[in-house]
Amino acid sequence: VQDRIRTAVSELGVHYRNSPIIRDDAIAGLSGMVAGWLHAAPRAGDRAPDGMVSRVADRSPVRLFELTPGTRHVLLILTGSRLGREDARRRAEPLAAVVSFADLIDAHVVAPGPAAPPDATLLDPDGSLHRAYGADDETLVLIRPDGYVGYRSRPADAPRLRDYLRRIFI
């Protein structure tokens with residue numbers, strides 16, 4: 001009872017899954033109940049989980065939410081276990097999709113473990129952020145300034161991300 005009251009008062013149970021400005025390409029074709037059961041990760045419209053990451057440049061630890069300033073969106077390109085050269089080329093596509101929205105979106109390639117591929121800007125040293133987002137494979141997560149997931153794609157799909165960004169920002 002206390003947990004339910006705490007959740008209701010804090011409004012952490014609020015979600016926007018049915019909002020027209022939300023898009024979840026990770027569950028396309030699945031019913032909501034089945035998708036929720038298969039993907040324990042937050043869906044688009046859910047509150048984004050926080051976690052610890054390290055900056056690749058200086059290995060300094062930082063909370064994910066410290067990277068989400070109040071007026072900008074943050075795109076996480078979670079690599080999953082794919083760290084090869086060909087995978088890095090494919091990750092360049094979502095980065096290119098946000099270039100024309102650089103004044104609105106900060107993009108980060110997040111790699112699990114201690115080793116960073118050349119394109120990574122953040123490390124998820126123990127893989128906990130990847131687990132929190134259900135990213136065992138390449139996953140795109142766009143976190144809105146209010147801390148909610150606005151877009152999610154698993155597997156990563158740059159053309160759909162580009163389509164979503166155009167619909168929201170243009």
# chains A, B, ... in the order shown; residues from 1 in each chain; ligands from 1

call {"tool": "closest_atom_pairs", "arguments": {"of": "range 38-71 of chain A", "to": "range 88-107 of chain A", "cutoff": "12 Å", "atoms": "only C-alpha atoms", "output": "JSON lines"}}
result
{"residue": "A:Leu67", "atom": "CA", "partner": "A:Asp106", "partner_atom": "CA", "distance": 8.5}
{"residue": "A:Thr68", "atom": "CA", "partner": "A:Asp106", "partner_atom": "CA", "distance": 8.3}
{"residue": "A:Pro69", "atom": "CA", "partner": "A:Asp106", "partner_atom": "CA", "distance": 9.4}
{"residue": "A:Gly70", "atom": "CA", "partner": "A:Leu104", "partner_atom": "CA", "distance": 11.0}
{"residue": "A:Thr71", "atom": "CA", "partner": "A:Leu104", "partner_atom": "CA", "distance": 7.8}

call {"tool": "write_last_selection", "arguments": {"atoms": "N, CA, C and O atoms", "output": "compact mmCIF listing (two decimals), in the first residue's frame"}}
result
# COMPACT_ATOMS: atom_id res chain seq x y z
N LEU A 67 23.50 14.44 -18.00
CA LEU A 67 23.74 14.72 -19.41
C LEU A 67 22.47 15.18 -20.12
O LEU A 67 22.50 15.44 -21.32
N THR A 68 21.37 15.25 -19.40
CA THR A 68 20.09 15.63 -19.99
C THR A 68 19.68 17.01 -19.47
O THR A 68 18.88 17.10 -18.56
N PRO A 69 20.25 18.05 -20.04
CA PRO A 69 19.88 19.40 -19.59
C PRO A 69 18.41 19.66 -19.86
O PRO A 69 17.83 19.09 -20.78
N GLY A 70 17.82 20.53 -19.08
CA GLY A 70 16.39 20.75 -19.07
C GLY A 70 15.72 21.13 -20.37
O GLY A 70 14.50 21.00 -20.48
N THR A 71 16.43 21.57 -21.39
CA THR A 71 15.76 22.01 -22.61
C THR A 71 16.15 21.21 -23.85
O THR A 71 15.68 21.51 -24.94

call {"tool": "residues_around", "arguments": {"residues": "Pro61 in chain A", "least_positions_apart": "3", "cutoff": "12 Å", "atoms": "only C-alpha atoms", "output": "PyMOL selection string"}}
result
chain A and resi 51-58+64+66-67+122-125

call {"tool": "atom_distance", "arguments": {"atom1": "CA of Val110 in chain A", "atom2": "CA of His130 in chain A"}}
result
8.5 Å

call {"tool": "atom_distance", "arguments": {"atom1": "CA of Val1 in chain A", "atom2": "CA of Phe65 in chain A"}}
result
28.9 Å

call {"tool": "select_by_dssp", "arguments": {"residues": "chain A", "states": "strand (DSSP E)", "output": "PyMOL selection string"}}
result
chain A and resi 23-24+52-55+61-63+73-78+105-112+122-124+139-143+149-153

call {"tool": "residues_around", "arguments": {"residues": "Val141 in chain A", "least_positions_apart": "2", "cutoff": "9 Å", "atoms": "only C-alpha atoms", "output": "mmCIF file with C-alpha atoms, in the first residue's frame"}}
result
data_model
loop_
_atom_site.group_PDB
_atom_site.id
_atom_site.type_symbol
_atom_site.label_atom_id
_atom_site.label_comp_id
_atom_site.auth_asym_id
_atom_site.auth_seq_id
_atom_site.Cartn_x
_atom_site.Cartn_y
_atom_site.Cartn_z
ATOM 1 C CA ALA A 44 8.425 5.034 -25.429
ATOM 2 C CA VAL A 74 19.303 13.199 -25.553
ATOM 3 C CA LEU A 75 19.692 10.386 -28.078
ATOM 4 C CA LEU A 76 21.324 7.254 -26.700
ATOM 5 C CA ILE A 77 22.711 4.863 -29.264
ATOM 6 C CA LEU A 78 23.197 1.788 -27.087
ATOM 7 C CA TYR A 133 17.019 -0.137 -21.367
ATOM 8 C CA THR A 139 18.914 0.234 -29.501
ATOM 9 C CA ILE A 143 14.968 11.008 -23.968
ATOM 10 C CA VAL A 149 11.366 8.282 -23.546
ATOM 11 C CA GLY A 150 10.013 9.976 -26.668
ATOM 12 C CA TYR A 151 11.297 7.464 -29.201
ATOM 13 C CA ARG A 152 12.665 3.939 -28.980
ATOM 14 C CA SER A 153 13.868 1.640 -31.735
ATOM 15 C CA ARG A 154 15.178 -1.869 -31.314
ATOM 16 C CA ALA A 156 18.278 0.655 -34.269
#

call {"tool": "select_by_dssp", "arguments": {"residues": "range 33-121 of chain A", "states": "helix (DSSP H, G or I)", "output": "list of chain:residue names"}}
result
A:Met33, A:Val34, A:Ala35, A:Gly36, A:Trp37, A:Leu38, A:Leu64, A:Phe65, A:Glu66, A:Leu67, A:Arg85, A:Glu86, A:Asp87, A:Ala88, A:Arg89, A:Arg90, A:Arg91, A:Ala92, A:Glu93, A:Pro94, A:Leu95, A:Ala96, A:Ala97, A:Val99, A:Ser100, A:Phe101

call {"tool": "closest_residue", "arguments": {"among": "A:Pro145, A:Thr79, A:Val62, A:Ile170", "to": "Gly127 in chain A", "atoms": "only C-alpha atoms"}}
result
A:Thr79

call {"tool": "closest_residue", "arguments": {"among": "A:Leu83, A:Ala26, A:Ile168, A:Ala41", "to": "Val109 in chain A", "atoms": "only C-alpha atoms"}}
result
A:Leu83
